[in-house]
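J.: model_14.txt is reproduced below (compact mmCIF, C-alpha atoms).
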```
# COMPACT_ATOMS: atom_id res chain seq x y z
CA MET O 1 0.00 0.00 0.00
CA LYS O 2 2.37 2.65 -1.31
CA ASN O 3 2.37 6.01 0.48
CA PHE O 4 -0.23 4.86 3.03
CA ASP O 5 1.43 4.98 6.44
CA VAL O 6 -1.32 4.69 9.04
CA ASN O 7 0.92 5.88 11.87
CA ALA O 8 1.87 9.02 9.95
CA ILE O 9 -1.79 9.55 9.11
CA ARG O 10 -2.80 9.21 12.76
CA ALA O 11 -0.38 12.03 13.58
CA ASP O 12 -2.50 14.28 11.33
CA PHE O 13 -5.46 13.90 13.72
CA PRO O 14 -4.69 15.64 17.03
CA ILE O 15 -7.65 14.17 18.92
CA LEU O 16 -6.27 10.65 18.50
CA ALA O 17 -3.42 11.50 20.89
CA ARG O 18 -5.76 12.16 23.81
CA GLN O 19 -6.90 9.81 26.55
CA VAL O 20 -10.43 8.93 27.63
CA ASN O 21 -10.98 7.47 31.11
CA ASP O 22 -7.20 7.28 31.47
CA LYS O 23 -6.93 5.06 28.39
CA PRO O 24 -5.70 5.93 24.89
CA LEU O 25 -8.69 6.91 22.75
CA VAL O 26 -9.82 4.19 20.33
CA TYR O 27 -12.30 6.00 18.10
CA LEU O 28 -14.67 3.53 16.43
CA ASP O 29 -17.67 5.80 15.88
CA ASN O 30 -16.72 6.91 12.39
CA GLY O 31 -20.07 5.84 10.99
CA ALA O 32 -21.68 8.64 13.01
CA SER O 33 -18.99 11.27 12.43
CA SER O 34 -15.28 11.14 11.73
CA GLN O 35 -12.46 13.07 13.36
CA LYS O 36 -10.76 16.00 11.61
CA PRO O 37 -7.16 16.25 10.40
CA GLN O 38 -5.09 19.24 11.39
CA VAL O 39 -5.22 20.68 7.86
CA VAL O 40 -9.00 20.97 8.15
CA ILE O 41 -8.78 22.51 11.62
CA ASP O 42 -6.16 24.97 10.35
CA ALA O 43 -8.27 25.88 7.32
CA ILE O 44 -11.27 26.64 9.54
CA THR O 45 -9.17 28.68 11.96
CA ASN O 46 -7.53 30.62 9.13
CA ALA O 47 -10.87 31.35 7.46
CA TYR O 48 -12.33 32.81 10.63
CA SER O 49 -9.12 34.55 11.73
CA HIS O 50 -7.94 36.10 8.45
CA GLU O 51 -10.36 35.63 5.54
CA TYR O 52 -13.92 35.68 6.81
CA SER O 53 -16.66 37.59 5.03
CA ASN O 54 -19.99 36.83 3.44
CA VAL O 55 -19.77 35.40 -0.06
CA HIS O 56 -21.09 36.52 -3.45
CA ARG O 57 -22.48 39.86 -2.26
CA GLY O 58 -19.47 42.06 -1.71
CA LEU O 59 -16.82 43.54 -3.98
CA HIS O 60 -14.31 44.14 -1.21
CA TYR O 61 -11.15 42.11 -0.72
CA LEU O 62 -12.31 39.76 2.06
CA SER O 63 -15.57 38.94 0.30
CA ASN O 64 -13.69 38.15 -2.89
CA VAL O 65 -11.26 35.85 -1.06
CA ALA O 66 -14.04 34.05 0.81
CA THR O 67 -16.12 33.70 -2.36
CA GLU O 68 -13.19 32.31 -4.33
CA LYS O 69 -12.36 29.70 -1.67
CA TYR O 70 -16.00 28.77 -1.13
CA GLU O 71 -16.82 28.38 -4.81
CA ALA O 72 -13.64 26.39 -5.46
CA VAL O 73 -15.08 23.60 -3.30
CA ARG O 74 -17.75 22.91 -5.91
CA ALA O 75 -15.05 21.85 -8.39
CA THR O 76 -13.30 19.80 -5.68
CA ILE O 77 -16.50 17.87 -4.97
CA ALA O 78 -17.07 17.33 -8.69
CA LYS O 79 -13.56 15.89 -8.96
CA PHE O 80 -14.06 13.70 -5.89
CA LEU O 81 -17.27 12.21 -7.33
CA ASN O 82 -16.09 12.32 -10.96
CA ALA O 83 -19.04 14.48 -11.95
CA ALA O 84 -18.97 15.88 -15.47
CA SER O 85 -19.17 19.48 -14.27
CA GLU O 86 -19.07 21.51 -11.09
CA ASP O 87 -22.50 22.81 -12.17
CA ASP O 88 -23.84 19.34 -11.27
CA ILE O 89 -23.02 19.99 -7.60
CA ILE O 90 -25.43 21.70 -5.21
CA LEU O 91 -23.78 22.73 -1.95
CA ASN O 92 -25.73 22.20 1.26
CA SER O 93 -25.48 21.25 4.94
CA GLY O 94 -25.31 17.50 4.32
CA THR O 95 -27.15 14.46 3.05
CA THR O 96 -30.34 15.15 5.01
CA GLU O 97 -30.78 18.53 3.35
CA GLY O 98 -29.86 17.06 -0.03
CA ILE O 99 -32.50 14.33 0.13
CA ASN O 100 -35.11 16.76 1.42
CA MET O 101 -34.26 19.05 -1.50
CA VAL O 102 -35.05 16.23 -3.90
CA ALA O 103 -38.24 15.37 -2.00
CA TYR O 104 -39.58 18.93 -2.00
CA GLY O 105 -38.02 20.27 -5.18
CA TRP O 106 -38.25 17.32 -7.55
CA ALA O 107 -40.59 14.62 -6.18
CA MET O 108 -43.39 16.64 -4.63
CA PRO O 109 -44.40 18.52 -7.81
CA ARG O 110 -44.57 15.34 -9.92
CA MET O 111 -46.05 12.76 -7.56
CA ALA O 112 -49.73 12.13 -6.87
CA ALA O 113 -51.70 9.74 -4.67
CA GLY O 114 -50.85 6.16 -5.55
CA ASP O 115 -47.44 6.95 -7.06
CA GLU O 116 -44.65 4.84 -5.59
CA ILE O 117 -41.15 5.26 -4.18
CA VAL O 118 -39.04 2.10 -3.81
CA LEU O 119 -36.77 1.90 -0.75
CA SER O 120 -34.64 -0.78 0.87
CA VAL O 121 -35.21 -1.80 4.46
CA MET O 122 -31.61 -0.70 5.19
CA GLU O 123 -32.24 3.01 4.67
CA HIS O 124 -31.19 5.63 7.20
CA HIS O 125 -34.05 7.78 8.48
CA ALA O 126 -32.71 10.65 6.36
CA ASN O 127 -33.69 8.57 3.31
CA ILE O 128 -37.04 7.54 4.79
CA VAL O 129 -38.66 10.47 6.59
CA PRO O 130 -38.74 12.85 3.58
CA TRP O 131 -40.64 10.18 1.64
CA HIS O 132 -43.03 9.69 4.54
CA PHE O 133 -43.80 13.40 4.20
CA LEU O 134 -44.98 12.68 0.67
CA ARG O 135 -46.93 9.66 1.91
CA GLU O 136 -48.68 11.74 4.59
CA ARG O 137 -49.34 14.81 2.47
CA GLN O 138 -49.86 13.45 -1.04
CA GLY O 139 -50.76 9.80 -0.66
CA VAL O 140 -47.50 8.49 -2.14
CA VAL O 141 -46.90 4.77 -1.51
CA LEU O 142 -43.61 3.53 -0.04
CA LYS O 143 -42.55 0.08 -1.27
CA TRP O 144 -39.93 -1.77 0.75
CA VAL O 145 -37.35 -4.26 -0.49
CA GLU O 146 -35.78 -6.54 2.13
CA THR O 147 -32.28 -7.95 2.33
CA ASP O 148 -31.39 -11.61 2.66
CA ALA O 149 -30.19 -13.08 5.96
CA ALA O 150 -26.59 -11.94 5.30
CA GLY O 151 -27.66 -8.35 4.64
CA HIS O 152 -27.31 -8.53 0.84
CA LEU O 153 -29.72 -6.49 -1.27
CA ASP O 154 -30.48 -8.15 -4.60
CA PRO O 155 -30.77 -5.57 -7.42
CA ALA O 156 -33.23 -7.88 -9.17
CA LYS O 157 -35.56 -7.62 -6.16
CA VAL O 158 -35.39 -3.84 -6.35
CA ALA O 159 -36.22 -3.97 -10.05
CA ALA O 160 -39.07 -6.40 -9.38
CA ALA O 161 -40.64 -3.88 -6.98
CA ILE O 162 -40.90 -1.28 -9.75
CA THR O 163 -44.29 -0.86 -11.41
CA ASP O 164 -45.77 1.66 -13.81
CA LYS O 165 -46.62 3.72 -10.71
CA THR O 166 -43.01 3.93 -9.50
CA LYS O 167 -41.54 7.43 -9.77
CA LEU O 168 -38.27 7.01 -7.85
CA VAL O 169 -35.88 4.46 -6.38
CA ALA O 170 -34.12 5.85 -3.28
CA ILE O 171 -31.36 3.57 -2.05
CA THR O 172 -28.29 3.57 0.19
CA HIS O 173 -24.87 2.80 -1.26
CA VAL O 174 -23.56 1.33 2.02
CA SER O 175 -25.66 0.41 5.05
CA ASN O 176 -24.70 2.39 8.14
CA VAL O 177 -25.69 -0.60 10.31
CA LEU O 178 -24.67 -3.71 8.39
CA GLY O 179 -21.85 -2.29 6.29
CA SER O 180 -23.46 -3.99 3.28
CA LYS O 181 -22.38 -2.53 -0.05
CA VAL O 182 -25.24 -2.13 -2.51
CA ASP O 183 -24.76 -2.54 -6.26
CA VAL O 184 -26.24 0.86 -7.03
CA LYS O 185 -24.85 0.77 -10.57
CA GLU O 186 -26.89 -2.33 -11.42
CA ILE O 187 -29.94 -0.97 -9.61
CA THR O 188 -29.65 2.24 -11.62
CA ARG O 189 -29.34 0.29 -14.86
CA LEU O 190 -32.42 -1.80 -14.08
CA ALA O 191 -34.45 1.19 -12.87
CA HIS O 192 -33.53 3.35 -15.86
CA ALA O 193 -34.55 0.51 -18.17
CA GLN O 194 -38.03 1.01 -16.74
CA GLY O 195 -37.82 4.81 -16.93
CA VAL O 196 -37.38 5.35 -13.19
CA PRO O 197 -34.80 7.80 -11.74
CA VAL O 198 -32.50 6.76 -8.87
CA LEU O 199 -31.37 8.65 -5.78
CA VAL O 200 -28.36 7.24 -3.91
CA ASP O 201 -27.57 8.04 -0.29
CA GLY O 202 -23.78 8.05 -0.42
CA SER O 203 -23.13 9.12 3.17
CA GLN O 204 -21.48 5.87 4.24
CA ALA O 205 -19.98 4.94 0.88
CA ALA O 206 -18.03 8.00 -0.23
CA VAL O 207 -15.80 7.86 2.86
CA HIS O 208 -14.79 4.23 2.35
CA MET O 209 -14.16 3.81 -1.37
CA PRO O 210 -13.86 5.63 -4.70
CA VAL O 211 -17.20 6.89 -6.04
CA ASP O 212 -17.79 7.61 -9.72
CA VAL O 213 -21.27 9.04 -10.24
CA ARG O 214 -20.97 8.90 -14.02
CA ASP O 215 -20.11 5.22 -13.88
CA ILE O 216 -22.98 4.56 -11.47
CA GLY O 217 -25.31 6.53 -13.72
CA CYS O 218 -27.64 7.65 -10.91
CA ASP O 219 -29.71 10.83 -11.06
CA PHE O 220 -28.93 12.05 -7.53
CA TYR O 221 -26.01 11.24 -5.20
CA ALA O 222 -25.88 12.80 -1.72
CA ILE O 223 -22.83 13.13 0.55
CA THR O 224 -22.15 14.73 3.90
CA GLY O 225 -18.99 16.49 5.02
CA HIS O 226 -18.73 15.46 8.66
CA LYS O 227 -18.37 11.77 7.76
CA LEU O 228 -15.69 12.64 5.18
CA TYR O 229 -13.32 14.04 7.82
CA GLY O 230 -14.73 17.53 7.28
CA PRO O 231 -16.87 19.90 9.38
CA THR O 232 -20.47 19.41 10.39
CA GLY O 233 -22.96 21.52 8.45
CA SER O 234 -21.27 20.81 5.11
CA GLY O 235 -22.22 18.57 2.24
CA ALA O 236 -23.44 18.37 -1.33
CA ILE O 237 -25.73 16.56 -3.71
CA TYR O 238 -24.86 15.62 -7.26
CA VAL O 239 -27.78 16.07 -9.64
CA THR O 240 -27.75 15.33 -13.36
CA ARG O 241 -28.44 18.24 -15.67
CA GLU O 242 -31.75 16.70 -16.75
CA ARG O 243 -33.05 16.30 -13.21
CA MET O 244 -31.80 19.70 -12.09
CA ALA O 245 -33.79 21.31 -14.91
CA GLU O 246 -36.90 19.57 -13.54
CA MET O 247 -36.42 20.78 -9.95
CA ARG O 248 -38.14 23.75 -8.41
CA PRO O 249 -36.44 25.72 -5.61
CA PHE O 250 -36.69 24.19 -2.17
CA ILE O 251 -35.78 27.25 -0.05
CA GLY O 252 -36.27 30.86 -1.08
CA GLY O 253 -34.04 33.80 -0.23
CA GLY O 254 -30.86 35.53 -1.25
CA ASP O 255 -28.44 34.20 -3.89
CA MET O 256 -30.98 31.85 -5.50
CA ILE O 257 -32.75 34.77 -7.19
CA ARG O 258 -32.05 36.82 -10.28
CA GLU O 259 -34.62 39.56 -9.70
CA VAL O 260 -37.36 40.22 -7.17
CA THR O 261 -40.19 42.71 -7.63
CA ARG O 262 -43.49 43.24 -5.85
CA GLU O 263 -45.23 41.20 -8.52
CA ALA O 264 -42.80 38.42 -9.38
CA VAL O 265 -39.50 36.64 -8.83
CA SER O 266 -37.04 35.16 -11.32
CA TYR O 267 -34.45 32.61 -10.30
CA ASN O 268 -30.71 32.26 -10.67
CA ASP O 269 -29.21 29.59 -12.92
CA PRO O 270 -28.67 26.12 -11.40
CA PRO O 271 -27.00 25.13 -9.15
CA MET O 272 -27.26 28.57 -7.48
CA LYS O 273 -31.03 28.36 -7.94
CA PHE O 274 -31.05 25.81 -5.10
CA GLU O 275 -28.71 27.57 -2.66
CA ALA O 276 -30.65 30.18 -0.70
CA GLY O 277 -29.32 32.43 2.02
CA THR O 278 -25.92 32.74 3.61
CA PRO O 279 -24.37 29.28 3.34
CA GLY O 280 -22.03 27.44 5.67
CA ILE O 281 -19.06 29.33 4.26
CA VAL O 282 -16.30 28.17 6.57
CA GLN O 283 -17.75 24.68 6.92
CA THR O 284 -17.75 24.28 3.15
CA ILE O 285 -14.18 25.57 2.84
CA GLY O 286 -13.14 23.02 5.48
CA PHE O 287 -15.05 20.32 3.59
CA GLY O 288 -13.07 21.10 0.45
CA VAL O 289 -9.79 20.79 2.35
CA ALA O 290 -10.94 17.44 3.79
CA LEU O 291 -11.68 16.11 0.30
CA GLU O 292 -8.30 17.29 -0.96
CA TYR O 293 -6.71 15.46 1.97
CA LEU O 294 -8.57 12.25 1.07
CA MET O 295 -7.71 12.51 -2.62
CA ALA O 296 -4.03 13.04 -1.75
CA LEU O 297 -4.09 9.80 0.25
CA GLY O 298 -6.01 8.08 -2.55
CA MET O 299 -9.46 6.62 -2.04
CA GLY O 300 -8.20 3.32 -3.43
CA ASN O 301 -5.48 3.21 -0.77
CA ILE O 302 -8.04 4.03 1.92
CA ALA O 303 -10.34 1.27 0.65
CA ARG O 304 -7.51 -1.28 0.72
CA HIS O 305 -6.47 -0.28 4.25
CA GLU O 306 -10.03 -0.55 5.52
CA GLU O 307 -10.50 -3.87 3.72
CA GLN O 308 -7.53 -5.25 5.68
CA LEU O 309 -9.01 -3.89 8.91
CA LYS O 310 -12.38 -5.42 8.09
CA THR O 311 -10.89 -8.83 7.32
CA TYR O 312 -8.86 -8.82 10.53
CA ALA O 313 -11.81 -7.61 12.62
CA GLN O 314 -14.06 -10.30 11.11
CA SER O 315 -11.57 -13.02 11.99
CA ARG O 316 -11.29 -11.80 15.59
CA LEU O 317 -15.03 -11.23 16.08
CA GLN O 318 -15.86 -14.68 14.72
CA GLY O 319 -13.90 -16.14 17.60
CA LEU O 320 -16.41 -14.73 20.09
CA ASN O 321 -19.20 -17.31 19.94
CA TRP O 322 -21.37 -15.28 22.34
CA LEU O 323 -21.33 -12.23 20.06
CA ASN O 324 -24.01 -11.76 17.41
CA VAL O 325 -22.79 -9.69 14.46
CA GLN O 326 -25.51 -8.37 12.17
CA GLY O 327 -24.74 -8.62 8.46
CA ASN O 328 -21.89 -10.62 6.95
CA THR O 329 -21.83 -9.99 3.22
CA PRO O 330 -18.35 -10.81 1.85
CA ASP O 331 -17.68 -7.33 0.48
CA LYS O 332 -19.09 -5.33 3.39
CA ALA O 333 -17.46 -2.14 4.64
CA ALA O 334 -15.60 -2.09 7.96
CA ILE O 335 -18.80 -1.51 9.95
CA PHE O 336 -19.86 -4.05 12.61
CA SER O 337 -23.13 -3.97 14.54
CA PHE O 338 -23.51 -6.53 17.28
CA THR O 339 -25.30 -7.71 20.40
CA LEU O 340 -24.29 -10.05 23.20
CA ASP O 341 -26.05 -13.25 24.10
CA GLY O 342 -28.32 -12.67 27.08
CA ALA O 343 -30.01 -9.50 28.33
CA ALA O 344 -27.15 -7.03 27.90
CA HIS O 345 -28.38 -3.83 26.25
CA ALA O 346 -26.34 -2.08 23.57
CA HIS O 347 -26.03 0.95 25.87
CA ASP O 348 -24.47 -1.26 28.57
CA ILE O 349 -21.97 -2.60 26.03
CA SER O 350 -21.08 0.92 24.95
CA THR O 351 -20.63 2.04 28.55
CA VAL O 352 -18.20 -0.78 29.35
CA LEU O 353 -16.23 -0.11 26.16
CA ASP O 354 -16.09 3.60 26.99
CA LYS O 355 -14.42 2.81 30.31
CA LYS O 356 -11.64 1.28 28.21
CA GLY O 357 -11.37 4.41 26.07
CA ILE O 358 -13.22 2.83 23.13
CA ALA O 359 -15.87 4.94 21.43
CA VAL O 360 -18.66 3.01 19.69
CA ARG O 361 -22.28 3.81 18.84
CA ALA O 362 -25.28 2.26 20.58
CA GLY O 363 -28.95 2.41 19.64
CA HIS O 364 -31.04 2.01 16.50
CA HIS O 365 -28.62 4.07 14.38
CA CYS O 366 -31.47 5.99 12.74
CA ALA O 367 -32.50 2.78 11.01
CA GLN O 368 -35.56 1.55 12.90
CA PRO O 369 -37.14 -0.34 9.96
CA LEU O 370 -33.91 -2.32 9.66
CA MET O 371 -33.86 -3.00 13.41
CA ALA O 372 -37.39 -4.40 13.14
CA HIS O 373 -36.33 -6.50 10.14
CA LEU O 374 -33.39 -7.89 12.13
CA GLY O 375 -35.56 -8.57 15.16
CA VAL O 376 -33.59 -6.35 17.54
CA THR O 377 -34.29 -3.00 19.16
CA ALA O 378 -30.70 -1.77 19.29
CA THR O 379 -27.13 -2.79 18.59
CA ALA O 380 -23.66 -1.57 19.45
CA ARG O 381 -21.70 -0.52 16.37
CA ALA O 382 -17.96 -0.30 15.77
CA SER O 383 -17.23 1.57 12.55
CA PHE O 384 -13.67 1.93 11.29
CA GLY O 385 -11.96 4.72 9.40
CA LEU O 386 -8.71 5.42 7.61
CA TYR O 387 -6.76 6.05 10.83
CA ASN O 388 -7.76 2.89 12.69
CA THR O 389 -5.35 -0.01 13.21
CA THR O 390 -5.32 -3.74 13.84
CA GLN O 391 -4.02 -2.98 17.33
CA GLU O 392 -7.26 -1.11 17.96
CA VAL O 393 -9.19 -4.14 16.77
CA ASP O 394 -7.36 -6.15 19.43
CA LYS O 395 -8.32 -3.59 22.09
CA LEU O 396 -11.94 -3.84 20.98
CA ILE O 397 -11.83 -7.64 21.33
CA GLU O 398 -10.31 -7.40 24.81
CA ALA O 399 -13.01 -4.95 25.87
CA LEU O 400 -15.77 -7.13 24.42
CA GLU O 401 -14.44 -10.07 26.41
CA LEU O 402 -14.75 -7.90 29.50
CA CYS O 403 -18.33 -7.08 28.45
CA HIS O 404 -19.10 -10.78 28.24
CA GLU O 405 -17.59 -11.35 31.66
CA LEU O 406 -19.56 -8.49 33.25
CA LEU O 407 -22.81 -8.61 31.28
CA GLY O 408 -23.07 -12.09 29.75
```
Output the structure of this file as structure tokens.
T.:
Amino acid sequence: MKNFDVNAIRADFPILARQVNDKPLVYLDNGASSQKPQVVIDAITNAYSHEYSNVHRGLHYLSNVATEKYEAVRATIAKFLNAASEDDIILNSGTTEGINMVAYGWAMPRMAAGDEIVLSVMEHHANIVPWHFLRERQGVVLKWVETDAAGHLDPAKVAAAITDKTKLVAITHVSNVLGSKVDVKEITRLAHAQGVPVLVDGSQAAVHMPVDVRDIGCDFYAITGHKLYGPTGSGAIYVTRERMAEMRPFIGGGDMIREVTREAVSYNDPPMKFEAGTPGIVQTIGFGVALEYLMALGMGNIARHEEQLKTYAQSRLQGLNWLNVQGNTPDKAAIFSFTLDGAAHAHDISTVLDKKGIAVRAGHHCAQPLMAHLGVTATARASFGLYNTTQEVDKLIEALELCHELLG
């Protein structure tokens, strides 16, 4: 793995040097939010300390500098996703806003009672609740496709759920609970063959592996900055030119307008048409720096490192016959959700691990339909990132053995 030195990379993340409960921090909650490298922290500090101003609206020096740095991120995101043009990128606060933008701006005007949206049972609430809005308010029908016992989603099953009433397939690229990778390229091909657009929730995928939206062929692809080692309140959605032309504005205000009179309003050209108000200027600048950092490391290198971590973690976890790991597709991402035999709650597991300095997630992970499908109410989740090591896997195993001793 040329040029990928995990110890050197760890030195880029100052928080990894701290202790929690008198133990070295083992951060395994990357699926919720990742830590930030020093270059991102420095970029944020510099922007606020030396270059801050509102964007687009001023002709003075600071406004020009801030605007230039902010707008440059659009091209960085396009490069990261291999979009054809930076004009295919709408900047926002993250995946939740991106999906809601599609729900309000694209789906709502063209869906009526009885029209259908196809979802998988693995979806995060951010890719469920906006569609429930349409169900409640317009009578749209949500159709669910289930995974097999291993957590694999068969593209043919998704295609089989499509009818002449289906107006959209909205699907995750990687499950935030199971780590299952979804063949969104094949799903897009099958859906498009039936004239149905596809939205992909890329929140958990873009951080773990290279993403090429043109190769996937999807109509919408949403990402969020805080999972990509960038700031909270940053993100973007890729939208094809055809779909963007069909969208109406989701939020009204400054920057998304061309002219406003007492009688009428005319809108700016896309993508600005969908970016109202003062944006997350500094957050977006930090997001761009985070993506540059990832691209310098190489998403292929990151994927290979995490694949090695996943394989090692799987081998160690399989040795714990009292641990129930949810989802075991062969090509899954390095995300492990689990319960213990007996009555131990996921929150109890998390608390014991925290005493050992190990940060994991506990709960339903904003995926309650999946929890019901799995027959559990909550799991503990260890999710790995580019800075994690096999030594940290060993610490997790030791702490889980303590959990079994105390809670089993």
J.: Measure the distance from atom CA of O:Gly98 to atom CA of O:Ile237 in Å and round it to one decimal.
T.: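 It comes out at 5.6 Å.
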J.: Determine, counting only C-alpha atoms, which protein, DNA and RNA residues have an atom within 7 Å of an atom of O:Pro249; residues of the same chain fewer than 4 positions away are not included. Present the result as a PyMOL selection string.
T.: chain O and resi 105+273-274
J.: Got a sec: who's within 7 Å of stretch 163-171 of chain O, counting all atoms listed in the file, leaving out chain neighbours fewer than 6 positions off, as an mmCIF file with C-alpha atoms, in the frame of the given file?
T.:
```cif
data_model
loop_
_atom_site.group_PDB
_atom_site.id
_atom_site.type_symbol
_atom_site.label_atom_id
_atom_site.label_comp_id
_atom_site.auth_asym_id
_atom_site.auth_seq_id
_atom_site.Cartn_x
_atom_site.Cartn_y
_atom_site.Cartn_z
ATOM 1 C CA ASP O 115 -47.440 6.950 -7.060
ATOM 2 C CA GLU O 116 -44.650 4.840 -5.590
ATOM 3 C CA ILE O 117 -41.150 5.260 -4.180
ATOM 4 C CA VAL O 118 -39.040 2.100 -3.810
ATOM 5 C CA LEU O 119 -36.770 1.900 -0.750
ATOM 6 C CA SER O 120 -34.640 -0.780 0.870
ATOM 7 C CA GLU O 123 -32.240 3.010 4.670
ATOM 8 C CA VAL O 196 -37.380 5.350 -13.190
ATOM 9 C CA PRO O 197 -34.800 7.800 -11.740
ATOM 10 C CA VAL O 198 -32.500 6.760 -8.870
ATOM 11 C CA LEU O 199 -31.370 8.650 -5.780
ATOM 12 C CA VAL O 200 -28.360 7.240 -3.910
ATOM 13 C CA ASP O 201 -27.570 8.040 -0.290
#
```
J.: Rank nothing, just name the residue among O:Leu134, O:Val141, O:Ile285, O:Met295 nearest to O:Gly233, using only C-alpha atoms.
T.: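 Ranking O:Leu134, O:Val141, O:Ile285, O:Met295 by distance to O:Gly233, first place goes to O:Ile285.
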J.: Identify the residues within 7 Å of coordinate (-28.8, 6.9, 8.5) (same frame as the file), considering only C-alpha atoms, and give the answer as a PyMOL selection string.
T.: chain O and resi 123-126+176+365-367
J.: Between atom CA of O:Leu25 and atom CA of O:Thr232, what is the distance in Å, rounded to a tenth?
T.: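 Separating atom CA of O:Leu25 from atom CA of O:Thr232 is a distance of 21.2 Å.
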J.: What's the 8 Å shell around O:Lys356, counting all atoms listed in the file, without same-chain residues fewer than 5 positions away, as a VMD selection string?
T.: chain O and resid 20 to 21 23 399
J.: Suppose we keep C-alpha atoms; can you now write the selection as a CSV table (one decimal), in the coordinates of the input?
T.:
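Resulting contents of again10.csv:
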```csv
chain,number,residue,atom,x,y,z
O,20,VAL,CA,-10.4,8.9,27.6
O,21,ASN,CA,-11.0,7.5,31.1
O,23,LYS,CA,-6.9,5.1,28.4
O,399,ALA,CA,-13.0,-5.0,25.9
```
J.: With distances taken over all atoms listed in the file, which residue among O:Gln283, O:Thr67, O:Thr147, O:Asn301 lies nearest O:Gly235?
T.: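 Of O:Gln283, O:Thr67, O:Thr147, O:Asn301, the one nearest O:Gly235 is O:Gln283, counting all atoms listed in the file.
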J.: Mind checking which residues fall within 7 Å of O:Ala362, counting only C-alpha atoms, ignoring those fewer than 3 positions away in the same chain, and posting them as a compact mmCIF listing (two decimals) with C-alpha atoms, in the frame of the given file?
T.:
```txt
# COMPACT_ATOMS: atom_id res chain seq x y z
CA ALA O 346 -26.34 -2.08 23.57
CA HIS O 347 -26.03 0.95 25.87
CA SER O 350 -21.08 0.92 24.95
CA ALA O 378 -30.70 -1.77 19.29
CA THR O 379 -27.13 -2.79 18.59
CA ALA O 380 -23.66 -1.57 19.45
CA ARG O 381 -21.70 -0.52 16.37
```
J.: Could you work out how far atom CA of O:Ala276 lies from atom CA of O:Ala264, giving the answer in Å with one decimal?
T.: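 Going from atom CA of O:Ala264 over to atom CA of O:Ala276, I get 17.1 Å.
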J.: With distances taken over all atoms listed in the file, which residue among O:Tyr267, O:Leu370, O:Thr390, O:Ala344 lies nearest O:Gln308?
T.: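 Of all the options, O:Thr390 lies closest to O:Gln308.
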J.: Sorted by chain and rising residue number, list the residues of stretch 171-199 of chain O at most 10 Å from stretch 28-41 of chain O (counting all atoms listed in the file), each with its closest atom pair and distance in Å to one decimal, as CSV.
T.:
```
residue,atom,partner,partner_atom,distance
O:Ser175,CA,O:Gly31,CA,9.8
O:Asn176,CA,O:Gly31,CA,6.4
O:Val177,CA,O:Gly31,CA,8.6
O:Gly179,CA,O:Gly31,CA,9.6
```
J.: Using only C-alpha atoms, pick whichever of O:Gly408, O:Gly300, O:Gly253, O:Pro270 has the shortest atom-to-atom distance to O:Pro210.
T.: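 Using only C-alpha atoms, O:Pro210 sits closest to O:Gly300.
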J.: Pick out the residues sitting within 6 Å of O:Ala290, and hand them over as a list in words; count all atoms listed in the file, and ignore anything fewer than 2 positions along from it in its own chain.
T.: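 What passes the distance filter is Val40, Tyr229, Gly230, Phe287, Gly288, Glu292 and Tyr293 of chain O.
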J.: Kindly indicate which residue among O:Tyr61, O:Trp322, O:Trp144, O:Tyr70 lies nearest to O:Met122, using all atoms listed in the file for the distances.
T.: O:Trp144
J.: Hey, can I get the axis-aligned box for stretch 342-361 of chain O? All listed atoms, 6 Å padding on each side, centre and edge lengths in Å to one decimal, as lines of an AutoDock Vina configuration file.
T.:
```
center_x = -20.7
center_y = -3.9
center_z = 24.6
size_x = 30.6
size_y = 29.6
size_z = 23.5
```
J.: Mind listing whatever residues come within 6 Å of the point (-21.1, -8.5, 17.7)? Use all atoms listed in the file, file coordinates, and give them as a list in words.
T.: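 I get Leu323, Asn324, Val325, Ser337, Phe338 and Thr339 of chain O for the residues within 6 Å of that point.
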J.: Could you pull stretch 353-372 of chain O out of the structure I just pasted and write it to a file containing C-alpha atoms, as a PDB file, in the first residue's frame?
T.:
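And here is the file that came out, selection.pdb:
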```
ATOM      1  CA  LEU O 353     -16.227  -0.111  26.164  1.00  0.00           C
ATOM      2  CA  ASP O 354     -16.091   3.601  26.994  1.00  0.00           C
ATOM      3  CA  LYS O 355     -14.425   2.806  30.305  1.00  0.00           C
ATOM      4  CA  LYS O 356     -11.636   1.278  28.209  1.00  0.00           C
ATOM      5  CA  GLY O 357     -11.366   4.414  26.070  1.00  0.00           C
ATOM      6  CA  ILE O 358     -13.221   2.832  23.133  1.00  0.00           C
ATOM      7  CA  ALA O 359     -15.874   4.945  21.432  1.00  0.00           C
ATOM      8  CA  VAL O 360     -18.660   3.011  19.689  1.00  0.00           C
ATOM      9  CA  ARG O 361     -22.277   3.812  18.841  1.00  0.00           C
ATOM     10  CA  ALA O 362     -25.278   2.255  20.579  1.00  0.00           C
ATOM     11  CA  GLY O 363     -28.954   2.409  19.642  1.00  0.00           C
ATOM     12  CA  HIS O 364     -31.044   2.007  16.502  1.00  0.00           C
ATOM     13  CA  HIS O 365     -28.618   4.068  14.378  1.00  0.00           C
ATOM     14  CA  CYS O 366     -31.474   5.993  12.741  1.00  0.00           C
ATOM     15  CA  ALA O 367     -32.499   2.779  11.013  1.00  0.00           C
ATOM     16  CA  GLN O 368     -35.561   1.549  12.899  1.00  0.00           C
ATOM     17  CA  PRO O 369     -37.141  -0.336   9.956  1.00  0.00           C
ATOM     18  CA  LEU O 370     -33.906  -2.318   9.664  1.00  0.00           C
ATOM     19  CA  MET O 371     -33.859  -2.996  13.409  1.00  0.00           C
ATOM     20  CA  ALA O 372     -37.387  -4.403  13.144  1.00  0.00           C
TER      21      ALA O 372
END
```
